[in-house]
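Visitor: Input file: run01.txt. Contents: compact mmCIF, C-alpha atoms.
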```
# COMPACT_ATOMS: atom_id res chain seq x y z
CA MET A 6 59.12 -49.03 -30.09
CA ASP A 7 56.15 -48.32 -27.81
CA LEU A 8 53.52 -50.94 -27.08
CA LEU A 9 49.80 -50.37 -26.76
CA GLU A 10 48.17 -50.69 -23.36
CA TYR A 11 46.50 -54.05 -24.02
CA GLN A 12 49.87 -55.50 -25.07
CA VAL A 13 51.51 -54.09 -21.94
CA LYS A 14 48.78 -55.59 -19.76
CA GLU A 15 49.38 -59.01 -21.35
CA TRP A 16 53.05 -58.77 -20.36
CA PHE A 17 52.12 -57.60 -16.86
CA SER A 18 49.76 -60.53 -16.38
CA LYS A 19 52.34 -63.08 -17.51
CA ILE A 20 55.00 -61.80 -15.11
CA GLY A 21 52.63 -61.57 -12.14
CA ILE A 22 51.75 -57.87 -11.93
CA PRO A 23 48.05 -57.61 -10.96
CA VAL A 24 45.79 -56.33 -13.74
CA LEU A 25 42.02 -56.09 -14.08
CA PRO A 26 39.85 -58.56 -16.01
CA SER A 27 39.84 -57.21 -19.56
CA GLN A 28 38.98 -58.04 -23.15
CA ARG A 29 40.30 -56.81 -26.48
CA ILE A 30 37.60 -55.21 -28.67
CA ASP A 31 38.21 -55.22 -32.43
CA HIS A 32 34.69 -54.11 -33.38
CA PRO A 33 31.76 -52.65 -31.40
CA THR A 34 29.76 -55.85 -31.90
CA ASP A 35 32.39 -57.73 -29.87
CA LEU A 36 30.75 -56.16 -26.82
CA LYS A 37 27.73 -58.41 -27.34
CA ARG A 38 30.00 -61.29 -26.33
CA LEU A 39 31.71 -59.52 -23.43
CA LYS A 40 33.10 -61.91 -20.84
CA ILE A 41 33.67 -59.38 -18.06
CA ARG A 42 31.07 -57.82 -15.78
CA TYR A 43 29.60 -54.34 -16.00
CA PRO A 44 30.27 -51.54 -15.25
CA ILE A 45 33.27 -51.35 -17.57
CA VAL A 46 35.66 -48.77 -18.95
CA LEU A 47 36.46 -48.62 -22.67
CA LYS A 48 39.90 -47.31 -23.61
CA SER A 49 41.16 -46.22 -27.01
CA GLN A 50 44.35 -48.11 -27.89
CA VAL A 51 46.51 -45.39 -29.41
CA HIS A 52 50.05 -44.24 -28.79
CA ALA A 53 48.99 -40.61 -28.48
CA ALA A 54 48.96 -39.05 -25.02
CA GLU A 55 46.03 -37.47 -23.15
CA ARG A 56 43.46 -39.86 -24.60
CA ALA A 57 41.16 -39.38 -21.59
CA LYS A 58 40.99 -35.61 -22.14
CA ALA A 59 40.28 -36.22 -25.82
CA GLY A 60 37.35 -38.53 -25.06
CA GLY A 61 39.15 -41.81 -25.67
CA VAL A 62 38.21 -43.28 -22.27
CA ARG A 63 34.53 -43.87 -21.49
CA PHE A 64 32.53 -45.74 -18.85
CA ALA A 65 29.53 -47.94 -19.66
CA GLU A 66 26.91 -49.60 -17.47
CA THR A 67 25.13 -51.69 -20.10
CA THR A 68 25.82 -53.39 -23.44
CA ILE A 69 23.87 -50.75 -25.37
CA ASP A 70 25.86 -47.94 -23.74
CA ALA A 71 29.12 -49.82 -24.35
CA ILE A 72 28.42 -50.36 -28.08
CA ALA A 73 27.54 -46.68 -28.54
CA ALA A 74 30.68 -45.61 -26.68
CA ALA A 75 32.84 -48.02 -28.71
CA GLN A 76 31.48 -46.66 -32.01
CA THR A 77 32.38 -43.15 -30.90
CA ILE A 78 35.89 -44.10 -29.76
CA PHE A 79 36.68 -46.08 -32.92
CA ASN A 80 35.97 -42.94 -34.97
CA LEU A 81 37.78 -40.57 -32.61
CA SER A 82 41.15 -39.40 -33.89
CA ILE A 83 43.60 -38.54 -31.11
CA TRP A 84 46.56 -36.51 -32.35
CA GLY A 85 45.91 -37.87 -35.84
CA GLU A 86 45.71 -41.53 -34.79
CA LEU A 87 42.58 -43.69 -35.03
CA PRO A 88 42.43 -46.79 -32.82
CA GLU A 89 42.24 -50.21 -34.43
CA VAL A 90 41.60 -51.88 -31.08
CA LEU A 91 39.85 -50.93 -27.85
CA LEU A 92 40.39 -52.37 -24.39
CA ALA A 93 37.35 -53.17 -22.25
CA GLU A 94 38.20 -53.40 -18.57
CA THR A 95 36.33 -53.87 -15.29
CA LYS A 96 35.77 -50.60 -13.46
CA TYR A 97 37.96 -50.28 -10.35
CA GLU A 98 37.41 -48.13 -7.29
CA ALA A 99 40.78 -46.75 -6.18
CA ASN A 100 41.48 -45.35 -2.73
CA GLN A 101 45.03 -44.24 -3.63
CA GLU A 102 47.01 -43.99 -6.84
CA PHE A 103 50.79 -44.18 -7.27
CA SER A 104 53.23 -43.96 -10.17
CA LEU A 105 56.04 -46.49 -10.67
CA ALA A 106 58.63 -46.94 -13.41
CA VAL A 107 61.94 -48.48 -14.34
CA VAL A 108 63.90 -46.45 -16.87
CA LEU A 109 67.32 -46.67 -18.47
CA ASP A 110 69.54 -43.74 -17.51
CA THR A 111 71.64 -43.40 -20.66
CA ALA A 112 74.06 -41.00 -18.98
CA ALA A 113 74.85 -43.33 -16.08
CA CYS A 114 74.27 -46.49 -18.17
CA ARG A 115 72.26 -47.92 -15.28
CA PRO A 116 68.59 -48.75 -14.65
CA VAL A 117 66.75 -46.37 -12.33
CA LEU A 118 63.68 -47.16 -10.21
CA LEU A 119 61.15 -44.31 -9.99
CA GLY A 120 58.22 -43.93 -7.63
CA CYS A 121 55.73 -41.26 -6.63
CA LYS A 122 52.68 -41.20 -4.34
CA GLU A 123 50.75 -39.33 -7.03
CA ALA A 124 49.36 -40.56 -10.35
CA ASN A 125 49.58 -39.11 -13.85
CA ILE A 126 52.72 -37.25 -12.92
CA ASP A 127 55.05 -35.78 -15.52
CA TRP A 128 58.32 -37.64 -15.01
CA GLU A 129 60.42 -34.80 -16.43
CA SER A 130 59.04 -32.09 -14.15
CA ALA A 131 58.26 -34.14 -11.06
CA GLY A 132 60.87 -32.40 -8.91
CA GLU A 133 60.71 -33.24 -5.24
CA LYS A 134 57.65 -35.47 -5.63
CA MET A 135 59.59 -38.16 -7.48
CA HIS A 136 61.78 -40.65 -5.63
CA HIS A 137 64.47 -42.61 -7.42
CA ILE A 138 66.91 -45.43 -6.74
CA VAL A 139 69.83 -46.19 -9.08
CA VAL A 140 70.46 -49.91 -9.50
CA GLU A 141 74.23 -49.73 -9.16
CA GLN A 142 74.96 -53.45 -8.80
CA GLU A 143 73.17 -56.73 -9.43
CA PHE A 144 69.49 -56.25 -8.68
CA SER A 145 68.01 -57.60 -5.44
CA PRO A 146 64.69 -57.05 -3.62
CA PHE A 147 66.57 -54.59 -1.44
CA TYR A 148 66.39 -51.96 -4.19
CA ALA A 149 62.60 -52.31 -4.51
CA ARG A 150 62.04 -52.08 -0.73
CA ARG A 151 64.34 -49.08 -0.56
CA LEU A 152 62.21 -47.25 -3.14
CA ALA A 153 59.00 -48.12 -1.27
CA LEU A 154 60.48 -46.80 1.97
CA LYS A 155 61.55 -43.58 0.23
CA MET A 156 57.94 -43.20 -0.93
CA GLY A 157 56.87 -43.37 2.73
CA LEU A 158 55.09 -46.72 2.51
CA GLN A 159 54.78 -49.12 5.41
CA GLY A 160 53.51 -52.56 6.33
CA ASN A 161 51.59 -54.66 3.80
CA LEU A 162 51.40 -51.79 1.30
CA MET A 163 55.19 -51.49 1.27
CA GLN A 164 55.46 -55.23 0.58
CA SER A 165 52.85 -55.10 -2.20
CA VAL A 166 54.46 -52.14 -3.95
CA SER A 167 57.94 -53.62 -3.55
CA SER A 168 56.74 -56.84 -5.19
CA VAL A 169 55.36 -54.89 -8.15
CA VAL A 170 58.65 -52.97 -8.51
CA GLU A 171 60.59 -56.26 -8.52
CA LYS A 172 58.40 -57.63 -11.31
CA LEU A 173 58.73 -54.39 -13.27
CA TYR A 174 62.49 -54.75 -13.11
CA GLN A 175 62.31 -58.40 -14.20
CA LEU A 176 60.26 -57.37 -17.23
CA PHE A 177 62.64 -54.49 -17.92
CA VAL A 178 65.60 -56.87 -18.13
CA GLN A 179 63.88 -59.81 -19.84
CA LYS A 180 62.53 -57.71 -22.72
CA ASP A 181 65.46 -55.28 -23.11
CA LEU A 182 63.32 -52.23 -22.38
CA ASP A 183 64.14 -48.55 -22.24
CA LEU A 184 61.10 -47.87 -20.05
CA VAL A 185 58.38 -49.78 -18.22
CA GLU A 186 55.83 -47.75 -16.32
CA ILE A 187 52.66 -48.19 -14.27
CA ASN A 188 50.68 -44.98 -14.06
CA PRO A 189 48.52 -45.28 -12.09
CA LEU A 190 49.09 -48.16 -9.70
CA ALA A 191 45.79 -48.12 -7.84
CA VAL A 192 45.30 -49.16 -4.22
CA SER A 193 41.81 -50.22 -3.08
CA ALA A 194 40.34 -49.58 0.36
CA SER A 195 41.38 -53.12 1.35
CA GLY A 196 45.00 -52.47 0.31
CA GLN A 197 44.92 -54.45 -2.95
CA VAL A 198 47.19 -52.99 -5.65
CA MET A 199 46.24 -52.97 -9.33
CA ALA A 200 48.01 -51.72 -12.46
CA LEU A 201 45.35 -49.59 -14.16
CA ASN A 202 47.54 -48.36 -16.99
CA GLY A 203 51.00 -49.20 -18.30
CA LYS A 204 53.58 -48.09 -20.78
CA VAL A 205 56.48 -49.98 -22.34
CA SER A 206 59.23 -48.71 -24.64
CA VAL A 207 61.37 -51.42 -26.21
CA ASN A 208 65.00 -50.73 -27.07
CA GLU A 209 64.93 -50.82 -30.87
CA ARG A 210 68.37 -52.39 -31.14
CA ALA A 211 67.22 -55.35 -29.06
CA ILE A 212 64.09 -56.18 -31.07
CA LYS A 213 65.71 -59.01 -33.02
CA ARG A 214 66.56 -60.87 -29.83
CA HIS A 215 62.86 -61.35 -29.06
CA PRO A 216 60.70 -63.18 -31.65
CA ASP A 217 57.45 -62.01 -30.02
CA ILE A 218 58.53 -58.35 -30.23
CA VAL A 219 59.69 -58.82 -33.84
CA GLU A 220 56.20 -60.06 -34.67
CA MET A 221 54.65 -57.01 -32.97
CA ALA A 222 56.97 -54.65 -34.85
CA ALA A 223 56.17 -56.31 -38.18
CA LYS A 224 52.43 -55.89 -37.57
CA ILE A 225 52.90 -52.22 -36.66
CA VAL A 226 54.80 -51.59 -39.90
CA SER A 227 52.25 -53.46 -42.01
CA ARG A 228 49.36 -51.52 -40.47
CA HIS A 229 51.07 -48.12 -40.54
CA PRO A 230 53.35 -48.09 -43.59
CA SER A 231 53.54 -44.31 -43.65
CA GLY A 232 55.33 -44.36 -40.31
CA GLN A 233 53.18 -41.66 -38.78
CA ILE A 234 53.43 -43.12 -35.30
CA ASN A 235 55.66 -44.95 -32.86
CA GLY A 236 59.05 -44.10 -34.39
CA ILE A 237 58.76 -46.92 -36.89
CA TYR A 238 61.36 -45.50 -39.22
CA SER A 239 64.10 -45.83 -36.66
CA ASN A 240 63.37 -49.55 -37.02
CA TRP A 241 64.00 -49.35 -40.76
CA ASN A 242 67.61 -48.26 -40.44
CA GLY A 243 66.75 -44.81 -41.69
CA SER A 244 65.28 -41.49 -40.68
CA GLN A 245 62.05 -39.61 -41.16
CA THR A 246 61.28 -35.97 -41.77
CA GLN A 247 58.08 -34.39 -42.99
CA GLY A 248 58.69 -34.03 -46.72
CA LYS A 249 57.65 -35.06 -50.21
CA ILE A 250 60.81 -36.77 -51.45
CA GLY A 251 61.74 -40.23 -50.21
CA VAL A 252 65.39 -41.26 -50.47
CA LEU A 253 66.80 -44.76 -50.88
CA GLY A 254 70.55 -45.40 -50.77
CA ASN A 255 73.01 -48.23 -50.33
CA GLY A 256 75.01 -46.69 -47.49
CA ALA A 257 74.67 -44.14 -44.72
CA GLY A 258 76.95 -41.74 -46.59
CA SER A 259 74.96 -41.85 -49.83
CA VAL A 260 71.67 -41.43 -47.99
CA MET A 261 72.80 -38.42 -45.93
CA THR A 262 74.55 -36.79 -48.90
CA THR A 263 71.41 -37.14 -51.01
CA LEU A 264 69.25 -35.78 -48.21
CA ASP A 265 71.48 -32.69 -47.85
CA LEU A 266 71.50 -32.07 -51.61
CA VAL A 267 67.71 -32.30 -51.76
CA ALA A 268 67.36 -29.78 -48.93
CA ASN A 269 69.92 -27.42 -50.49
CA ALA A 270 68.06 -27.58 -53.80
CA GLY A 271 64.89 -26.35 -52.15
CA GLY A 272 63.23 -29.75 -51.85
CA LYS A 273 61.60 -31.30 -48.83
CA PRO A 274 63.19 -34.66 -48.00
CA GLY A 275 60.90 -37.19 -46.38
CA ILE A 276 61.65 -40.76 -45.36
CA CYS A 277 65.26 -41.76 -45.97
CA ILE A 278 66.24 -45.44 -45.82
CA ASN A 279 69.63 -47.12 -45.99
CA LEU A 280 69.31 -50.52 -47.70
CA ARG A 281 72.79 -51.77 -46.90
CA HIS A 282 71.72 -53.45 -43.65
CA SER A 283 68.74 -55.62 -42.75
CA PHE A 284 65.74 -54.07 -41.03
CA LEU A 285 65.22 -54.58 -37.32
CA THR A 286 61.86 -56.24 -37.96
CA ASP A 287 63.30 -58.92 -40.28
CA THR A 288 62.66 -62.33 -38.75
CA THR A 289 64.76 -64.11 -41.40
CA PRO A 290 67.83 -63.05 -43.41
CA SER A 291 66.89 -60.58 -46.17
CA THR A 292 68.60 -59.72 -49.43
CA PHE A 293 69.27 -56.25 -50.80
CA CYS A 294 66.42 -56.75 -53.29
CA ASP A 295 64.05 -57.78 -50.50
CA ARG A 296 64.78 -54.55 -48.67
CA LEU A 297 64.44 -52.51 -51.87
CA ASP A 298 61.06 -54.04 -52.61
CA THR A 299 59.84 -53.47 -49.03
CA SER A 300 61.09 -49.88 -48.96
CA LEU A 301 59.38 -49.01 -52.22
CA LYS A 302 56.12 -50.34 -50.80
CA ILE A 303 56.62 -48.37 -47.59
CA LEU A 304 57.25 -45.13 -49.47
CA SER A 305 54.43 -45.58 -51.98
CA ALA A 306 51.99 -46.24 -49.12
CA ASP A 307 52.79 -42.80 -47.71
CA GLN A 308 50.44 -40.43 -49.54
CA SER A 309 52.69 -37.45 -48.74
CA ILE A 310 55.61 -38.89 -50.76
CA GLN A 311 55.43 -37.57 -54.34
CA THR A 312 58.87 -38.60 -55.56
CA ILE A 313 61.28 -41.39 -54.68
CA LEU A 314 64.95 -40.70 -55.33
CA ILE A 315 67.17 -43.78 -55.60
CA ASN A 316 70.92 -43.19 -55.34
CA PHE A 317 72.97 -46.37 -55.70
CA LEU A 318 76.72 -46.37 -56.20
CA GLY A 319 79.56 -48.79 -55.68
CA ASN A 320 79.04 -52.51 -55.28
CA ILE A 321 75.53 -53.87 -54.99
CA PRO A 322 74.62 -57.56 -54.94
CA GLN A 323 72.04 -58.86 -57.41
CA VAL A 324 72.28 -55.90 -59.79
CA GLU A 325 70.01 -57.53 -62.38
CA GLU A 326 67.37 -58.29 -59.78
CA VAL A 327 67.54 -54.68 -58.56
CA ALA A 328 66.45 -53.53 -62.01
CA GLN A 329 63.63 -56.08 -62.01
CA VAL A 330 62.36 -54.87 -58.63
CA ILE A 331 62.32 -51.27 -59.88
CA ALA A 332 60.59 -52.35 -63.09
CA LYS A 333 57.92 -54.26 -61.18
CA PHE A 334 57.29 -51.20 -59.02
CA VAL A 335 56.86 -48.65 -61.82
CA GLN A 336 54.69 -51.01 -63.84
CA GLN A 337 52.06 -50.92 -61.09
CA GLU A 338 50.90 -47.56 -62.46
CA ASN A 339 47.14 -47.40 -63.02
CA THR A 340 46.67 -50.87 -61.56
CA PRO A 341 43.35 -50.95 -59.69
CA VAL A 342 43.39 -52.66 -56.31
CA ARG A 343 40.66 -53.61 -53.87
CA SER A 344 40.97 -51.86 -50.55
CA PRO A 345 39.20 -53.17 -47.43
CA LEU A 346 37.35 -50.58 -45.38
CA ARG A 347 36.81 -50.59 -41.62
CA ASN A 348 33.22 -51.85 -41.98
CA GLY A 349 34.33 -54.84 -44.05
CA SER A 350 33.15 -53.62 -47.46
CA LYS A 351 35.46 -53.20 -50.44
CA ASN A 352 36.14 -50.33 -52.79
CA HIS A 353 38.32 -49.79 -55.81
CA ARG A 354 41.11 -47.25 -55.75
CA GLN A 355 44.16 -46.42 -57.80
CA THR A 356 47.55 -47.46 -56.48
CA HIS A 357 49.59 -44.47 -55.31
CA ILE A 358 52.76 -44.60 -57.43
CA PRO A 359 55.17 -41.75 -56.76
CA SER A 360 57.50 -40.55 -59.48
CA LEU A 361 60.76 -42.47 -59.44
CA VAL A 362 64.13 -40.84 -60.12
CA VAL A 363 66.91 -43.42 -60.37
CA ARG A 364 70.61 -42.64 -60.26
CA LEU A 365 72.86 -45.68 -60.76
CA ALA A 366 76.54 -44.73 -60.65
CA GLY A 367 79.13 -47.16 -61.98
CA SER A 368 79.82 -49.36 -64.98
CA GLU A 369 78.33 -52.43 -63.32
CA PHE A 370 74.92 -50.77 -63.66
CA ASP A 371 75.15 -50.49 -67.47
CA ALA A 372 72.91 -53.47 -68.12
CA ALA A 373 70.43 -52.35 -65.47
CA ARG A 374 70.21 -48.84 -66.95
CA LYS A 375 69.65 -50.24 -70.47
CA TYR A 376 66.93 -52.55 -69.21
CA LEU A 377 65.12 -49.79 -67.30
CA ALA A 378 65.37 -47.48 -70.32
CA THR A 379 63.31 -49.95 -72.36
CA LEU A 380 60.36 -49.86 -69.98
CA LYS A 381 57.21 -48.22 -71.26
CA THR A 382 56.04 -45.78 -68.60
CA SER A 383 54.74 -42.23 -68.56
CA SER A 384 57.44 -39.58 -68.67
CA HIS A 385 57.15 -38.71 -64.96
CA THR A 386 56.92 -42.24 -63.54
CA LEU A 387 60.55 -43.29 -64.16
CA VAL A 388 63.45 -40.95 -64.79
CA LEU A 389 66.98 -42.34 -65.23
CA VAL A 390 69.85 -39.95 -64.42
CA GLU A 391 73.57 -40.67 -64.00
CA ASN A 392 74.60 -37.37 -62.38
CA LEU A 393 73.53 -36.95 -58.75
CA ASP A 394 73.01 -33.19 -58.99
CA GLU A 395 70.74 -33.69 -62.00
CA ALA A 396 68.88 -36.46 -60.19
CA VAL A 397 68.27 -34.21 -57.21
CA LYS A 398 67.13 -31.35 -59.45
CA GLU A 399 64.71 -33.65 -61.26
CA ALA A 400 63.33 -35.10 -58.01
CA VAL A 401 62.71 -31.62 -56.57
CA HIS A 402 60.99 -30.57 -59.80
CA LEU A 403 58.69 -33.60 -59.84
CA ALA A 404 57.76 -33.08 -56.18
CA GLN A 405 56.57 -29.53 -56.79
CA PRO A 406 52.79 -29.04 -56.99
CA ILE A 407 51.39 -28.55 -60.48
CA VAL A 408 49.86 -25.09 -60.89
CA SER A 409 47.06 -24.99 -63.43
CA GLN A 410 47.01 -22.03 -65.77
CA VAL A 411 43.73 -20.45 -66.78
```
As a first step, turn the structure in this file into structure tokens.
Guide:
Amino acid sequence: MDLLEYQVKEWFSKIGIPVLPSQRIDHPTDLKRLKIRYPIVLKSQVHAAERAKAGGVRFAETTIDAIAAAQTIFNLSIWGELPEVLLAETKYEANQEFSLAVVLDTAACRPVLLGCKEANIDWESAGEKMHHIVVEQEFSPFYARRLALKMGLQGNLMQSVSSVVEKLYQLFVQKDLDLVEINPLAVSASGQVMALNGKVSVNERAIKRHPDIVEMAAKIVSRHPSGQINGIYSNWNGSQTQGKIGVLGNGAGSVMTTLDLVANAGGKPGICINLRHSFLTDTTPSTFCDRLDTSLKILSADQSIQTILINFLGNIPQVEEVAQVIAKFVQQENTPVRSPLRNGSKNHRQTHIPSLVVRLAGSEFDAARKYLATLKTSSHTLVLVENLDEAVKEAVHLAQPIVSQV
């Protein structure tokens, strides 16, 4: 899970890495109450790369200029992502710019310190420009100073950079990170260092150990239910491909088998979620029905999903409640909801309810199948099938575009 820059800067500030005076901007009018001095830089808070080249970073000398720039950035899509937040920051005059990072080397199973005397460098193709130190034993300041010396730094600058590297490593360990990066680390004419930009990637399997990160992950999922960014679906114990058919199963085997059958039948599988285990963003214990309800909401919020294929077999807890969750979902059809827009106004829209193909295998599902069969829905909203091949065939058929005949 990747954090946004303003979240990274908050972590940097708490651990003692120098950052500029800044303010989170949720709406252009927030700039009328700006607490930092001009000139400022406004930065789009998106996960997409190359935001500066796309126009997502702008300088402003006055409040009027800042509001105009903020309005432009809020409506600027960068690689398909619109910012919900901007970061306003004091402008900084840099004399030098470095790159620093701590990354997990999965091959060596050890943290690695990275440093370069250039900014905005591509870590993967840095070649001879990049210096690295493998943390082979318990970390000590020696490792940070060794990296600074390899970078050719001396005197007070070596001490300043070494101190930043130490704090990066502390953050890396405390938060169970895969990557923490400062790019660039600016150096003023007086030798003061400042983290102008940062990146953090959290190890998804460690999210539950950190309540603050769990809260961040939950907000990301609630704001972006279609999972278009940030690898959210890896946090949902599932996988994501670009397709029209969502798959829900009660085991890794059933999910992958269903996905393969859909692909072999000419369908395009989309988000696939295994409901057997709790989600990484769950802050409290969840039941199977809780995860089913959440997954149905996630899939229905993705406008690209036209059909949801449920394949449950074997033992499932709360079988009766499972049927009730499915019934509640399909009965949302044609229910108008009020949707908030960015400018605060409201509009009415129809709930997006994909077609639902349900395959329940086993005698314990008899009562659930009978109950679902009594529901009054349109013919395409809920389809009950006992044979998996037939269920897949029906799901692929329902996901195909309707061609009008003249």
Visitor: Between atom CA of A:Arg151 and atom CA of A:Leu118, what distance in Å does the model show, to one decimal?
Guide: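 So the two atoms, atom CA of A:Arg151 and atom CA of A:Leu118, lie 9.9 Å apart.
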Visitor: Might you pull out every residue within 10 Å of A:Gln175, with all atoms listed in the file counted and same-chain residues fewer than 6 positions away left off, and present them as a list in words?
Guide: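 Residues near the query, excluding close chain neighbours: Ile20, Val107, Phe144, Val169 and Asp181 of chain A.
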Visitor: What box, with edges along x, y and z, holds each listed atom of stretch 26-42 of chain A when 5 Å is added on every side, and can you state its centre and edge lengths in Å to one decimal, as JSON?
Guide:
```
{"center_x": 34.0, "center_y": -57.3, "center_z": -24.6, "size_x": 22.6, "size_y": 19.3, "size_z": 27.6}
```
Visitor: Atom CA of A:Gly272 to atom CA of A:Lys333: how many Å, to one decimal?
Guide: 26.8 Å
Visitor: Grab the atom CA of A:Ala332 to atom CA of A:Asp265 distance for me, in Å with one decimal place.
Guide: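 Separation between atom CA of A:Ala332 and atom CA of A:Asp265: 27.2 Å.
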Visitor: If we count all atoms listed in the file and set the cut-off at 9 Å, which residues sit around A:Asp35, ignoring sequence neighbours fewer than 5 positions away in its own chain? Please answer as a list in words.
Guide: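 That gives Arg29, Ile30 and Ile72 of chain A.
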Visitor: Which residue out of A:Gln329, A:Thr67, A:Gln76, A:Ser283 has the minimum interatomic distance to A:Tyr376 when only C-alpha atoms are used?
Guide: A:Gln329
Visitor: Show me a table, sorted first by chain and then by increasing residue number, of the residues of stretch 176-206 of chain A having an atom at most 10 Å from stretch 86-98 of chain A, each with its shortest atom pair and the distance in Å to one decimal, counting all atoms listed in the file and written as a tab-separated table.
Guide:
```
residue	atom	partner	partner_atom	distance
A:Ala191	CA	A:Glu98	CA	8.4
A:Val192	CA	A:Glu98	CA	8.5
A:Ser193	CA	A:Glu98	CA	6.4
A:Ala194	CA	A:Glu98	CA	8.3
A:Met199	CA	A:Tyr97	CA	8.8
A:Leu201	CA	A:Tyr97	CA	8.3
```
Visitor: Could you save the residues just selected, with C-alpha atoms, as a PDB file, in the coordinates of the input?
Guide:
```pdb
ATOM      1  CA  ALA A 191      45.790 -48.120  -7.840  1.00  0.00           C
ATOM      2  CA  VAL A 192      45.300 -49.160  -4.220  1.00  0.00           C
ATOM      3  CA  SER A 193      41.810 -50.220  -3.080  1.00  0.00           C
ATOM      4  CA  ALA A 194      40.340 -49.580   0.360  1.00  0.00           C
ATOM      5  CA  MET A 199      46.240 -52.970  -9.330  1.00  0.00           C
ATOM      6  CA  LEU A 201      45.350 -49.590 -14.160  1.00  0.00           C
TER       7      LEU A 201
END
```
Visitor: Closest to A:Glu10 among A:Cys114, A:Val397, A:Ile187, A:Ile78, using all atoms listed in the file?
Guide: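 Nearest candidate to A:Glu10 out of A:Cys114, A:Val397, A:Ile187, A:Ile78: A:Ile187.
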Visitor: Using all atoms listed in the file, can you list as a ChimeraX atom specification the residues within 12 Å of (65.9, -59.1, -6.4)?
Guide: /A:140,142-151,167-175,178
Visitor: Neighbours of A:Lys204 within 10 Å (all atoms listed in the file; same-chain residues fewer than 5 positions away dropped), as a PDB file with C-alpha atoms, in the frame of the given file?
Guide:
```
ATOM      1  CA  ASP A   7      56.150 -48.320 -27.810  1.00  0.00           C
ATOM      2  CA  LEU A   8      53.520 -50.940 -27.080  1.00  0.00           C
ATOM      3  CA  LEU A   9      49.800 -50.370 -26.760  1.00  0.00           C
ATOM      4  CA  GLU A  10      48.170 -50.690 -23.360  1.00  0.00           C
ATOM      5  CA  TYR A  11      46.500 -54.050 -24.020  1.00  0.00           C
ATOM      6  CA  GLN A  12      49.870 -55.500 -25.070  1.00  0.00           C
ATOM      7  CA  VAL A  13      51.510 -54.090 -21.940  1.00  0.00           C
ATOM      8  CA  LYS A  14      48.780 -55.590 -19.760  1.00  0.00           C
ATOM      9  CA  HIS A  52      50.050 -44.240 -28.790  1.00  0.00           C
ATOM     10  CA  ALA A 106      58.630 -46.940 -13.410  1.00  0.00           C
ATOM     11  CA  LEU A 184      61.100 -47.870 -20.050  1.00  0.00           C
ATOM     12  CA  VAL A 185      58.380 -49.780 -18.220  1.00  0.00           C
ATOM     13  CA  GLU A 186      55.830 -47.750 -16.320  1.00  0.00           C
ATOM     14  CA  ILE A 187      52.660 -48.190 -14.270  1.00  0.00           C
ATOM     15  CA  ASN A 188      50.680 -44.980 -14.060  1.00  0.00           C
TER      16      ASN A 188
END
```
Visitor: Pick out the closest residue to A:Pro216 from this set: A:Lys180, A:Ala153, A:Gly248, A:Gln308. Count all atoms listed in the file.
Guide: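 For A:Pro216, the nearest of the candidates is A:Lys180.
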Visitor: Counting only C-alpha atoms, what is within 8 Å of A:Ala366, bar same-chain residues fewer than 2 positions away, as a ChimeraX atom specification?
Guide: /A:316-319,364,368,370,391-392
Visitor: Considering all atoms listed in the file, return as an mmCIF file with C-alpha atoms, in the frame of the given file whatever protein or nucleic-acid residues lie within 8 Å of A:Ala396, sequence-local ones (same chain, fewer than 6 positions apart) excluded.
Guide:
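Final file, selection-v9.cif:
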```cif
data_model
loop_
_atom_site.group_PDB
_atom_site.id
_atom_site.type_symbol
_atom_site.label_atom_id
_atom_site.label_comp_id
_atom_site.auth_asym_id
_atom_site.auth_seq_id
_atom_site.Cartn_x
_atom_site.Cartn_y
_atom_site.Cartn_z
ATOM 1 C CA LEU A 314 64.950 -40.700 -55.330
ATOM 2 C CA VAL A 362 64.130 -40.840 -60.120
ATOM 3 C CA VAL A 363 66.910 -43.420 -60.370
ATOM 4 C CA ARG A 364 70.610 -42.640 -60.260
ATOM 5 C CA LEU A 389 66.980 -42.340 -65.230
ATOM 6 C CA VAL A 390 69.850 -39.950 -64.420
#
```
